$ cat data-v2.csv   # CSV, C-alpha atoms
chain,number,residue,atom,x,y,z
A,12,MET,CA,-36.6,65.7,79.7
A,13,PRO,CA,-35.9,65.6,75.9
A,14,ARG,CA,-33.7,62.8,74.6
A,15,PRO,CA,-30.2,63.9,73.6
A,16,VAL,CA,-29.8,64.4,69.8
A,17,LEU,CA,-26.8,64.4,67.5
A,18,ASP,CA,-26.5,65.3,63.8
A,19,PHE,CA,-24.3,62.9,61.9
A,20,TRP,CA,-22.9,64.7,58.9
A,21,PHE,CA,-21.2,62.4,56.4
A,22,GLU,CA,-20.1,62.1,52.7
A,23,PHE,CA,-20.4,58.8,50.9
A,24,ALA,CA,-17.0,59.3,49.3
A,25,SER,CA,-15.3,59.9,52.6
A,26,THR,CA,-13.2,57.0,53.9
A,27,TYR,CA,-13.6,57.6,57.7
A,28,SER,CA,-17.4,58.1,57.2
A,29,TYR,CA,-17.5,54.4,56.5
A,30,PRO,CA,-16.6,53.1,60.0
A,31,ALA,CA,-18.5,56.0,61.5
A,32,ALA,CA,-21.7,55.1,59.7
A,33,LEU,CA,-21.4,51.5,60.6
A,34,ARG,CA,-20.6,52.2,64.3
A,35,ILE,CA,-23.0,55.1,65.2
A,36,GLY,CA,-26.2,53.1,65.3
A,37,PRO,CA,-25.3,50.7,68.1
A,38,LEU,CA,-23.2,53.2,70.0
A,39,ALA,CA,-26.0,55.9,70.0
A,40,LYS,CA,-28.6,53.4,71.0
A,41,GLU,CA,-26.5,52.2,73.9
A,42,ALA,CA,-26.0,55.9,74.9
A,43,GLY,CA,-29.7,56.8,74.5
A,44,VAL,CA,-29.0,59.4,71.8
A,45,ASP,CA,-31.2,60.1,68.8
A,46,VAL,CA,-29.0,60.4,65.7
A,47,ARG,CA,-30.0,62.2,62.5
A,48,PHE,CA,-28.2,61.1,59.3
A,49,ARG,CA,-27.2,64.2,57.3
A,50,PRO,CA,-25.5,63.3,54.0
A,51,PHE,CA,-23.7,66.2,52.3
A,52,LEU,CA,-21.3,66.8,49.4
A,53,LEU,CA,-17.7,67.7,50.2
A,54,GLY,CA,-16.8,68.6,46.6
A,55,PRO,CA,-18.0,72.2,46.8
A,56,ILE,CA,-16.2,72.7,50.1
A,57,PHE,CA,-13.0,71.3,48.7
A,58,LYS,CA,-13.4,73.5,45.7
A,59,ALA,CA,-13.6,76.5,48.0
A,60,ASN,CA,-10.2,75.5,49.3
A,61,GLY,CA,-8.9,75.3,45.8
A,62,TRP,CA,-8.8,71.5,45.7
A,63,ASP,CA,-10.2,69.6,42.7
A,64,THR,CA,-10.1,66.2,44.4
A,65,SER,CA,-9.6,64.7,47.9
A,66,PRO,CA,-6.7,66.1,49.9
A,67,PHE,CA,-5.7,62.4,50.3
A,68,ASN,CA,-4.9,62.4,46.6
A,69,LEU,CA,-3.4,65.9,46.5
A,70,TYR,CA,-1.0,65.1,49.4
A,71,PRO,CA,0.1,61.5,48.7
A,72,THR,CA,2.1,61.1,51.9
A,73,LYS,CA,-1.1,61.9,53.9
A,74,GLY,CA,-3.1,59.7,51.7
A,75,ARG,CA,-0.8,56.7,52.2
A,76,TYR,CA,-1.1,57.3,56.0
A,77,MET,CA,-4.8,57.5,55.8
A,78,TRP,CA,-5.3,54.2,54.0
A,79,ARG,CA,-3.0,52.4,56.5
A,80,ASP,CA,-4.8,54.1,59.4
A,81,LEU,CA,-8.1,53.1,58.0
A,82,GLU,CA,-7.0,49.5,57.7
A,83,ARG,CA,-6.2,49.6,61.4
A,84,VAL,CA,-9.5,51.3,62.3
A,85,CYS,CA,-11.5,48.8,60.3
A,86,ALA,CA,-9.6,45.8,61.7
A,87,MET,CA,-10.2,47.2,65.2
A,88,HIS,CA,-14.0,47.3,64.5
A,89,GLY,CA,-14.1,44.0,62.6
A,90,LEU,CA,-15.0,45.8,59.3
A,91,PRO,CA,-13.8,44.6,55.9
A,92,LEU,CA,-11.9,47.1,53.8
A,93,HIS,CA,-11.5,47.1,50.0
A,94,ARG,CA,-10.3,50.3,48.4
A,95,PRO,CA,-12.7,51.5,45.7
A,96,GLU,CA,-11.4,52.6,42.3
A,97,PRO,CA,-11.4,55.4,41.5
A,98,PHE,CA,-11.1,57.2,44.7
A,99,PRO,CA,-13.0,59.3,45.6
A,100,GLN,CA,-16.2,57.9,44.3
A,101,MET,CA,-18.8,60.2,42.8
A,102,SER,CA,-21.4,60.3,45.6
A,103,LEU,CA,-24.1,62.6,44.1
A,104,GLN,CA,-26.6,59.9,43.2
A,105,ALA,CA,-26.2,57.9,46.4
A,106,SER,CA,-26.7,61.1,48.4
A,107,ARG,CA,-29.9,62.0,46.6
A,108,ILE,CA,-31.3,58.5,47.1
A,109,ALA,CA,-30.3,58.6,50.7
A,110,LEU,CA,-32.4,61.7,51.2
A,111,VAL,CA,-35.4,60.0,49.7
A,112,GLY,CA,-34.9,57.1,52.1
A,113,LEU,CA,-34.3,59.2,55.1
A,114,ALA,CA,-37.7,60.8,54.6
A,115,ALA,CA,-39.1,57.2,54.6
A,116,ASP,CA,-37.9,54.4,56.9
A,117,TRP,CA,-35.1,52.8,54.9
A,118,GLY,CA,-32.6,55.7,54.7
A,119,GLU,CA,-30.2,54.6,57.4
A,120,ASP,CA,-30.1,51.0,56.1
A,121,PHE,CA,-29.4,52.4,52.6
A,122,CYS,CA,-26.6,54.5,53.9
A,123,ARG,CA,-25.0,51.5,55.6
A,124,ALA,CA,-25.5,49.4,52.5
A,125,VAL,CA,-23.8,52.1,50.3
A,126,PHE,CA,-20.8,52.3,52.6
A,127,ASN,CA,-20.5,48.5,52.8
A,128,ALA,CA,-20.6,48.2,49.1
A,129,GLU,CA,-18.1,51.0,48.5
A,130,PHE,CA,-15.5,50.4,51.2
A,131,GLY,CA,-16.4,46.8,52.4
A,132,GLU,CA,-16.5,45.4,48.9
A,133,GLY,CA,-14.8,48.0,46.8
A,134,ARG,CA,-17.8,48.4,44.5
A,135,ARG,CA,-18.6,51.6,42.5
A,136,ILE,CA,-21.3,53.7,44.0
A,137,ASP,CA,-21.5,56.0,41.0
A,138,ASP,CA,-23.0,53.0,39.1
A,139,LEU,CA,-26.8,53.3,39.1
A,140,ASP,CA,-27.1,49.5,38.7
A,141,VAL,CA,-25.2,49.0,41.9
A,142,LEU,CA,-27.4,51.5,43.8
A,143,ALA,CA,-30.5,49.8,42.3
A,144,GLY,CA,-29.3,46.5,43.6
A,145,LEU,CA,-28.8,47.9,47.1
A,146,LEU,CA,-32.4,49.3,47.0
A,147,ALA,CA,-33.8,46.0,45.8
A,148,ASP,CA,-32.0,44.2,48.6
A,149,LEU,CA,-33.7,46.5,51.1
A,150,GLY,CA,-37.1,45.6,49.6
A,151,VAL,CA,-37.5,49.0,48.0
A,152,ASP,CA,-38.6,49.6,44.4
A,153,PRO,CA,-35.6,50.9,42.6
A,154,ALA,CA,-37.5,52.5,39.7
A,155,SER,CA,-39.7,54.8,41.8
A,156,VAL,CA,-36.9,55.7,44.2
A,157,MET,CA,-34.6,56.6,41.3
A,158,GLU,CA,-37.3,58.8,39.9
A,159,ALA,CA,-37.9,60.5,43.2
A,160,ALA,CA,-34.1,61.0,43.6
A,161,GLN,CA,-34.1,63.1,40.4
A,162,SER,CA,-36.9,65.4,41.5
A,163,GLN,CA,-36.2,69.1,41.9
A,164,GLU,CA,-37.2,68.8,45.5
A,165,ILE,CA,-34.5,66.3,46.4
A,166,LYS,CA,-31.8,68.1,44.3
A,167,THR,CA,-32.6,71.3,46.1
A,168,GLN,CA,-32.6,69.6,49.5
A,169,LEU,CA,-29.1,68.1,48.9
A,170,ARG,CA,-27.8,71.4,47.7
A,171,GLU,CA,-29.2,73.2,50.7
A,172,GLN,CA,-27.9,70.6,53.1
A,173,SER,CA,-24.4,71.0,51.6
A,174,GLU,CA,-24.7,74.8,51.9
A,175,GLU,CA,-25.7,74.3,55.6
A,176,ALA,CA,-22.6,72.1,56.0
A,177,LEU,CA,-20.4,74.9,54.7
A,178,ARG,CA,-22.1,77.4,57.1
A,179,LEU,CA,-21.6,75.0,60.0
A,180,GLY,CA,-17.8,75.2,59.3
A,181,LEU,CA,-17.5,71.6,58.1
A,182,PHE,CA,-14.3,71.0,56.1
A,183,GLY,CA,-14.1,67.2,56.1
A,184,ALA,CA,-16.2,64.2,57.1
A,185,PRO,CA,-17.6,62.6,59.2
A,186,ASN,CA,-18.8,65.2,61.7
A,187,PHE,CA,-21.0,65.2,64.7
A,188,VAL,CA,-22.9,68.3,65.7
A,189,THR,CA,-24.7,68.6,69.0
A,190,ALA,CA,-27.9,70.6,69.6
A,191,ASP,CA,-25.9,73.4,71.2
A,192,GLY,CA,-23.8,73.7,68.0
A,193,GLU,CA,-20.6,71.9,69.2
A,194,LEU,CA,-18.8,70.4,66.3
A,195,PHE,CA,-16.7,67.2,66.4
A,196,TRP,CA,-14.8,66.1,63.3
A,197,GLY,CA,-13.7,62.5,62.7
A,198,ASN,CA,-14.8,59.0,63.4
A,199,ASP,CA,-12.5,59.0,66.4
A,200,ARG,CA,-14.5,61.8,68.0
A,201,MET,CA,-17.8,59.9,68.0
A,202,GLU,CA,-17.7,58.8,71.6
A,203,GLU,CA,-16.8,62.3,72.8
A,204,ALA,CA,-19.7,63.8,70.7
A,205,LEU,CA,-22.2,61.4,72.1
A,206,GLY,CA,-21.0,62.3,75.6
A,207,TRP,CA,-21.4,66.0,74.8
A,208,ALA,CA,-24.9,65.5,73.5
A,209,ILE,CA,-25.9,63.7,76.7
A,210,ALA,CA,-24.3,66.3,78.9
A,211,PHE,CA,-26.0,69.2,77.0
A,212,SER,CA,-29.4,67.5,77.2
A,213,GLY,CA,-29.1,67.2,80.9
A,214,ALA,CA,-29.8,63.5,80.7
A,215,THR,CA,-27.8,61.0,82.6
A,216,GLU,CA,-25.3,59.1,80.5
A,217,THR,CA,-26.5,55.5,80.2
A,218,LYS,CA,-23.4,54.2,78.5
A,219,GLU,CA,-21.3,52.2,81.0
B,17,MET,CA,12.6,40.1,76.5
B,18,PRO,CA,13.4,43.7,75.4
B,19,ARG,CA,11.2,46.5,76.7
B,20,PRO,CA,8.8,48.0,74.2
B,21,VAL,CA,10.0,51.2,72.6
B,22,LEU,CA,8.2,54.1,70.9
B,23,ASP,CA,9.6,57.1,69.0
B,24,PHE,CA,7.7,60.3,69.8
B,25,TRP,CA,8.1,62.7,66.9
B,26,PHE,CA,6.9,66.2,67.7
B,27,GLU,CA,7.3,69.9,66.6
B,28,PHE,CA,7.4,72.6,69.2
B,29,ALA,CA,5.1,74.8,67.0
B,30,SER,CA,2.5,72.1,66.8
B,31,THR,CA,-0.6,72.5,68.8
B,32,TYR,CA,-1.5,68.9,69.4
B,33,SER,CA,2.1,68.1,70.2
B,34,TYR,CA,1.5,70.1,73.5
B,35,PRO,CA,-1.0,67.7,75.1
B,36,ALA,CA,0.9,64.7,73.6
B,37,ALA,CA,4.2,65.9,75.2
B,38,LEU,CA,2.5,66.4,78.5
B,39,ARG,CA,0.7,63.1,78.5
B,40,ILE,CA,3.2,60.6,77.1
B,41,GLY,CA,5.5,60.3,80.1
B,42,PRO,CA,3.0,59.0,82.6
B,43,LEU,CA,1.1,56.9,80.0
B,44,ALA,CA,4.2,55.2,78.7
B,45,LYS,CA,5.5,54.6,82.2
B,46,GLU,CA,2.2,52.9,83.2
B,47,ALA,CA,2.3,50.9,79.9
B,48,GLY,CA,6.0,49.9,80.4
B,49,VAL,CA,7.1,51.5,77.2
B,50,ASP,CA,10.4,53.3,76.7
B,51,VAL,CA,9.8,56.6,74.8
B,52,ARG,CA,12.4,58.5,72.7
B,53,PHE,CA,11.7,62.2,72.2
B,54,ARG,CA,12.4,63.2,68.6
B,55,PRO,CA,11.9,66.9,67.9
B,56,PHE,CA,11.8,67.8,64.2
B,57,LEU,CA,10.8,70.8,62.0
B,58,LEU,CA,7.6,70.7,60.1
B,59,GLY,CA,8.5,73.9,58.1
B,60,PRO,CA,10.4,72.0,55.4
B,61,ILE,CA,7.7,69.4,55.1
B,62,PHE,CA,5.0,72.0,54.7
B,63,LYS,CA,7.1,73.8,52.1
B,64,ALA,CA,7.3,70.5,50.1
B,65,ASN,CA,3.5,70.7,50.0
B,66,GLY,CA,3.6,74.3,48.8
B,67,TRP,CA,2.6,75.8,52.2
B,68,ASP,CA,4.4,78.7,53.6
B,69,THR,CA,2.7,78.5,57.0
B,70,SER,CA,0.6,76.1,59.1
B,71,PRO,CA,-2.4,74.6,57.2
B,72,PHE,CA,-4.5,75.9,60.2
B,73,ASN,CA,-3.7,79.4,59.0
B,74,LEU,CA,-4.1,78.6,55.3
B,75,TYR,CA,-7.5,77.0,55.9
B,76,PRO,CA,-9.2,79.2,58.5
B,77,THR,CA,-12.3,77.0,58.9
B,78,LYS,CA,-10.1,74.1,59.8
B,79,GLY,CA,-8.0,76.4,62.0
B,80,ARG,CA,-11.1,77.6,63.9
B,81,TYR,CA,-12.1,74.0,64.5
B,82,MET,CA,-8.6,73.0,65.7
B,83,TRP,CA,-8.5,75.7,68.3
B,84,ARG,CA,-11.9,74.7,69.7
B,85,ASP,CA,-11.0,71.0,69.6
B,86,LEU,CA,-7.7,71.8,71.3
B,87,GLU,CA,-9.6,73.6,74.1
B,88,ARG,CA,-11.7,70.5,74.6
B,89,VAL,CA,-8.7,68.2,74.6
B,90,CYS,CA,-6.8,70.4,77.1
B,91,ALA,CA,-9.8,70.7,79.3
B,92,MET,CA,-10.2,66.9,79.3
B,93,HIS,CA,-6.7,66.5,80.5
B,94,GLY,CA,-6.6,69.4,82.9
B,95,LEU,CA,-4.1,71.4,80.8
B,96,PRO,CA,-4.2,75.2,80.6
B,97,LEU,CA,-4.4,76.7,77.1
B,98,HIS,CA,-3.3,80.1,76.0
B,99,ARG,CA,-2.9,80.7,72.3
B,100,PRO,CA,0.6,82.0,71.5
B,101,GLU,CA,1.0,85.0,69.1
B,102,PRO,CA,2.1,84.7,66.5
B,103,PHE,CA,1.0,81.3,65.5
B,104,PRO,CA,2.9,79.2,64.6
B,105,GLN,CA,5.9,80.1,66.7
B,106,MET,CA,9.4,79.8,65.3
B,107,SER,CA,10.7,76.6,66.9
B,108,LEU,CA,14.2,76.3,65.5
B,109,GLN,CA,16.1,77.4,68.7
B,110,ALA,CA,13.9,75.5,71.1
B,111,SER,CA,14.5,72.4,68.9
B,112,ARG,CA,18.3,72.7,68.9
B,113,ILE,CA,18.3,73.3,72.7
B,114,ALA,CA,16.1,70.2,73.1
B,115,LEU,CA,18.7,68.1,71.2
B,116,VAL,CA,21.4,69.3,73.6
B,117,GLY,CA,19.2,68.3,76.5
B,118,LEU,CA,18.1,65.0,75.2
B,119,ALA,CA,21.8,64.0,75.0
B,120,ALA,CA,22.0,64.9,78.7
B,121,ASP,CA,19.4,64.2,81.3
B,122,TRP,CA,17.2,67.3,81.2
B,123,GLY,CA,15.9,67.1,77.6
B,124,GLU,CA,12.4,65.8,78.3
B,125,ASP,CA,11.9,68.2,81.1
B,126,PHE,CA,12.9,71.0,78.8
B,127,CYS,CA,10.5,69.9,76.1
B,128,ARG,CA,7.6,69.9,78.6
B,129,ALA,CA,8.7,73.3,79.9
B,130,VAL,CA,8.7,74.7,76.3
B,131,PHE,CA,5.2,73.4,75.6
B,132,ASN,CA,3.9,74.7,79.0
B,133,ALA,CA,5.4,78.1,78.3
B,134,GLU,CA,4.1,78.3,74.7
B,135,PHE,CA,0.6,76.8,74.9
B,136,GLY,CA,0.0,76.8,78.7
B,137,GLU,CA,1.0,80.4,79.2
B,138,GLY,CA,1.0,81.9,75.7
B,139,ARG,CA,4.7,82.9,75.8
B,140,ARG,CA,7.0,83.3,72.8
B,141,ILE,CA,9.4,80.4,72.3
B,142,ASP,CA,11.4,82.2,69.6
B,143,ASP,CA,12.6,84.6,72.4
B,144,LEU,CA,16.0,83.4,73.6
B,145,ASP,CA,15.4,85.1,77.0
B,146,VAL,CA,12.3,82.9,77.5
B,147,LEU,CA,14.3,79.8,76.6
B,148,ALA,CA,17.2,80.8,78.9
B,149,GLY,CA,14.7,81.3,81.7
B,150,LEU,CA,13.3,77.8,81.2
B,151,LEU,CA,16.8,76.4,81.3
B,152,ALA,CA,17.7,78.3,84.5
B,153,ASP,CA,14.5,76.9,86.1
B,154,LEU,CA,15.8,73.4,85.3
B,155,GLY,CA,19.1,74.2,87.0
B,156,VAL,CA,21.0,74.2,83.7
B,157,ASP,CA,23.5,76.9,82.8
B,158,PRO,CA,21.8,78.8,79.9
B,159,ALA,CA,25.0,80.3,78.5
B,160,SER,CA,26.8,77.0,77.9
B,161,VAL,CA,23.7,75.3,76.6
B,162,MET,CA,22.9,78.2,74.2
B,163,GLU,CA,26.5,77.9,72.8
B,164,ALA,CA,26.2,74.1,72.4
B,165,ALA,CA,22.9,74.6,70.6
B,166,GLN,CA,24.6,76.7,68.0
B,167,SER,CA,27.3,74.1,67.3
B,168,GLN,CA,27.6,72.6,63.8
B,169,GLU,CA,27.0,69.2,65.3
B,170,ILE,CA,23.6,70.1,66.7
B,171,LYS,CA,22.5,72.0,63.6
B,172,THR,CA,23.3,69.0,61.5
B,173,GLN,CA,21.6,66.7,63.9
B,174,LEU,CA,18.3,68.7,63.7
B,175,ARG,CA,18.5,68.9,60.0
B,176,GLU,CA,19.1,65.1,59.7
B,177,GLN,CA,16.3,64.4,62.1
B,178,SER,CA,13.9,66.5,60.1
B,179,GLU,CA,15.1,64.7,56.9
B,180,GLU,CA,14.4,61.4,58.7
B,181,ALA,CA,10.9,62.6,59.5
B,182,LEU,CA,10.3,63.3,55.8
B,183,ARG,CA,11.6,59.8,54.9
B,184,LEU,CA,9.3,58.3,57.5
B,185,GLY,CA,6.3,59.9,55.8
B,186,LEU,CA,5.5,62.4,58.5
B,187,PHE,CA,3.3,65.2,57.3
B,188,GLY,CA,2.1,66.7,60.7
B,189,ALA,CA,2.7,66.3,64.4
B,190,PRO,CA,2.7,64.7,66.8
B,191,ASN,CA,3.5,61.2,65.6
B,192,PHE,CA,4.4,57.9,67.2
B,193,VAL,CA,6.5,55.3,65.4
B,194,THR,CA,7.0,51.8,66.7
B,195,ALA,CA,10.1,49.6,66.3
B,196,ASP,CA,8.4,47.8,63.4
B,197,GLY,CA,7.8,51.1,61.6
B,198,GLU,CA,4.1,51.5,62.3
B,199,LEU,CA,3.2,55.2,62.2
B,200,PHE,CA,0.5,56.8,64.2
B,201,TRP,CA,-0.4,60.5,63.7
B,202,GLY,CA,-2.1,62.6,66.3
B,203,ASN,CA,-2.3,63.0,70.0
B,204,ASP,CA,-5.5,60.9,69.9
B,205,ARG,CA,-3.5,57.9,68.6
B,206,MET,CA,-1.1,57.8,71.5
B,207,GLU,CA,-2.9,55.0,73.4
B,208,GLU,CA,-3.2,52.9,70.2
B,209,ALA,CA,0.5,53.4,69.5
B,210,LEU,CA,1.5,52.3,73.0
B,211,GLY,CA,-0.6,49.2,72.6
B,212,TRP,CA,1.0,48.5,69.2
B,213,ALA,CA,4.5,48.9,70.7
B,214,ILE,CA,3.7,46.4,73.4
B,215,ALA,CA,2.2,43.9,71.1
B,216,PHE,CA,5.2,44.1,68.7
B,217,SER,CA,7.7,43.6,71.5
B,218,GLY,CA,5.9,40.5,72.6
B,219,ALA,CA,5.6,41.9,76.1
B,220,THR,CA,2.3,41.6,78.1
B,221,GLU,CA,0.4,44.9,78.2
B,222,THR,CA,0.6,46.1,81.8
B,223,LYS,CA,-1.9,49.0,81.3
B,224,GLU,CA,-5.2,48.1,82.9
$ encode --input "data-v2.csv" --output "structure tokens"
Amino acid sequence: MPRPVLDFWFEFASTYSYPAALRIGPLAKEAGVDVRFRPFLLGPIFKANGWDTSPFNLYPTKGRYMWRDLERVCAMHGLPLHRPEPFPQMSLQASRIALVGLAADWGEDFCRAVFNAEFGEGRRIDDLDVLAGLLADLGVDPASVMEAAQSQEIKTQLREQSEEALRLGLFGAPNFVTADGELFWGNDRMEEALGWAIAFSGATETKE
Amino acid sequence: MPRPVLDFWFEFASTYSYPAALRIGPLAKEAGVDVRFRPFLLGPIFKANGWDTSPFNLYPTKGRYMWRDLERVCAMHGLPLHRPEPFPQMSLQASRIALVGLAADWGEDFCRAVFNAEFGEGRRIDDLDVLAGLLADLGVDPASVMEAAQSQEIKTQLREQSEEALRLGLFGAPNFVTADGELFWGNDRMEEALGWAIAFSGATETKE
């Protein structure tokens, strides 16, 4: 019987993608689910809605609620929270580097490092020096990775992945998509999505 | 020690207010929390955002997701779901009648009956005959209630309650507001809100 799988679609600029990215590894391991990290860009999707920035900026009341709710969520999971300025951060370079890493063996660690830097420490992830520092911390050569991240292949891959996100009906982040195409939106749907992935695969849920 | 209290702010037209309204009674009783039902109108709040209808209609991708997610949520809680047409329903009359009932002893039952009719059976809640039938089922005289619902006092109360919702920073529904002013948005935050209400009151959580 194949192991259950779950696609984890996230955007580095997305606030709730931070606790999701930090939580999903241990939870999926405990549940016996294989997770695939799928970074994508929300910018083009927001533009299709006529938005030129995050809806949390366009609708300040909702934005104020989100930051307070995120404080509670992070506190519940023991995660530090420092709001990055500006918000949202430009996530293009981090996303391209992540794709390089996800084709190697340091991609998920890099994704967690980016989220930790951005929302745990309030650092800028549009700063190539910050990203190079994260790579060096992972024992990866920043110069060669930065060059690979600017390749036409990676640029195309990120654009196609973002187009796939649009086709899947994603309108925010994070999202979880099961092998049978069931979509779950939001960090608070992670447990439900893992359960769905297990039920669809026919495996017995191992999570207690 | 005072019992924990929680304000439950909902809008009859709101989809996720349906499972919330049906769930909160038993959950709050088990948790030892006193809940106050606070119907309000989202229309004026949406208008302040420049929206002339539900964002689920304005952003069809998000709307499609919401209906699928609501199916899953209702299935999880054993609640029937029939989408009312048109969506959203005009909730003005149901809200005014609810205020009459909440000052008497049949208000919460009426609120549940409205949500059951609207989303459980797909009936129109802008139809005064439907609302009169729900009142009769509760053993309440529809004619006198309908008259009271058109009083200046009730109209003013609903307007003031909706203005209070705006001041509280509500931008959707359902919401839970604790005595110390903590706001939780969404049916999926109900358990967290109940826990917060208990912690603030200093009571010991009785929910297992």
$ atom_distance --input "data-v2.csv" --atom1 "atom CA of A:Asn186" --atom2 "atom CA of A:Asp116"
22.5 Å
$ closest_residue --input "data-v2.csv" --among "A:Ile108, A:Leu169, A:Val151, A:Met101" --to "A:Phe23" --atoms "only C-alpha atoms"
A:Met101
$ closest_atom_pairs --input "data-v2.csv" --of "stretch 34-83 of chain B" --to "stretch 95-101 of chain B" --cutoff "12 Å" --atoms "all atoms listed in the file" --output "JSON lines"
{"residue": "B:Tyr34", "atom": "CA", "partner": "B:Leu95", "partner_atom": "CA", "distance": 9.3}
{"residue": "B:Pro35", "atom": "CA", "partner": "B:Leu95", "partner_atom": "CA", "distance": 7.5}
{"residue": "B:Ala36", "atom": "CA", "partner": "B:Leu95", "partner_atom": "CA", "distance": 11.0}
{"residue": "B:Ala37", "atom": "CA", "partner": "B:Leu95", "partner_atom": "CA", "distance": 11.4}
{"residue": "B:Leu38", "atom": "CA", "partner": "B:Leu95", "partner_atom": "CA", "distance": 8.6}
{"residue": "B:Arg39", "atom": "CA", "partner": "B:Leu95", "partner_atom": "CA", "distance": 9.9}
{"residue": "B:Met82", "atom": "CA", "partner": "B:Arg99", "partner_atom": "CA", "distance": 11.6}
{"residue": "B:Trp83", "atom": "CA", "partner": "B:Arg99", "partner_atom": "CA", "distance": 8.5}
$ closest_residue --input "data-v2.csv" --among "A:Glu119, A:Asp80, A:Asp138, A:Glu129" --to "chain B" --atoms "only C-alpha atoms"
A:Asp80
$ atom_distance --input "data-v2.csv" --atom1 "atom CA of B:Phe216" --atom2 "atom CA of B:Asp196"
7.2 Å
$ residues_around --input "data-v2.csv" --residues "A:Ala147" --least-positions-apart "6" --cutoff "12 Å" --atoms "all atoms listed in the file" --output "JSON, numbers by chain"
{"A": [117, 121, 124, 140, 141, 153, 154, 155, 156, 157]}
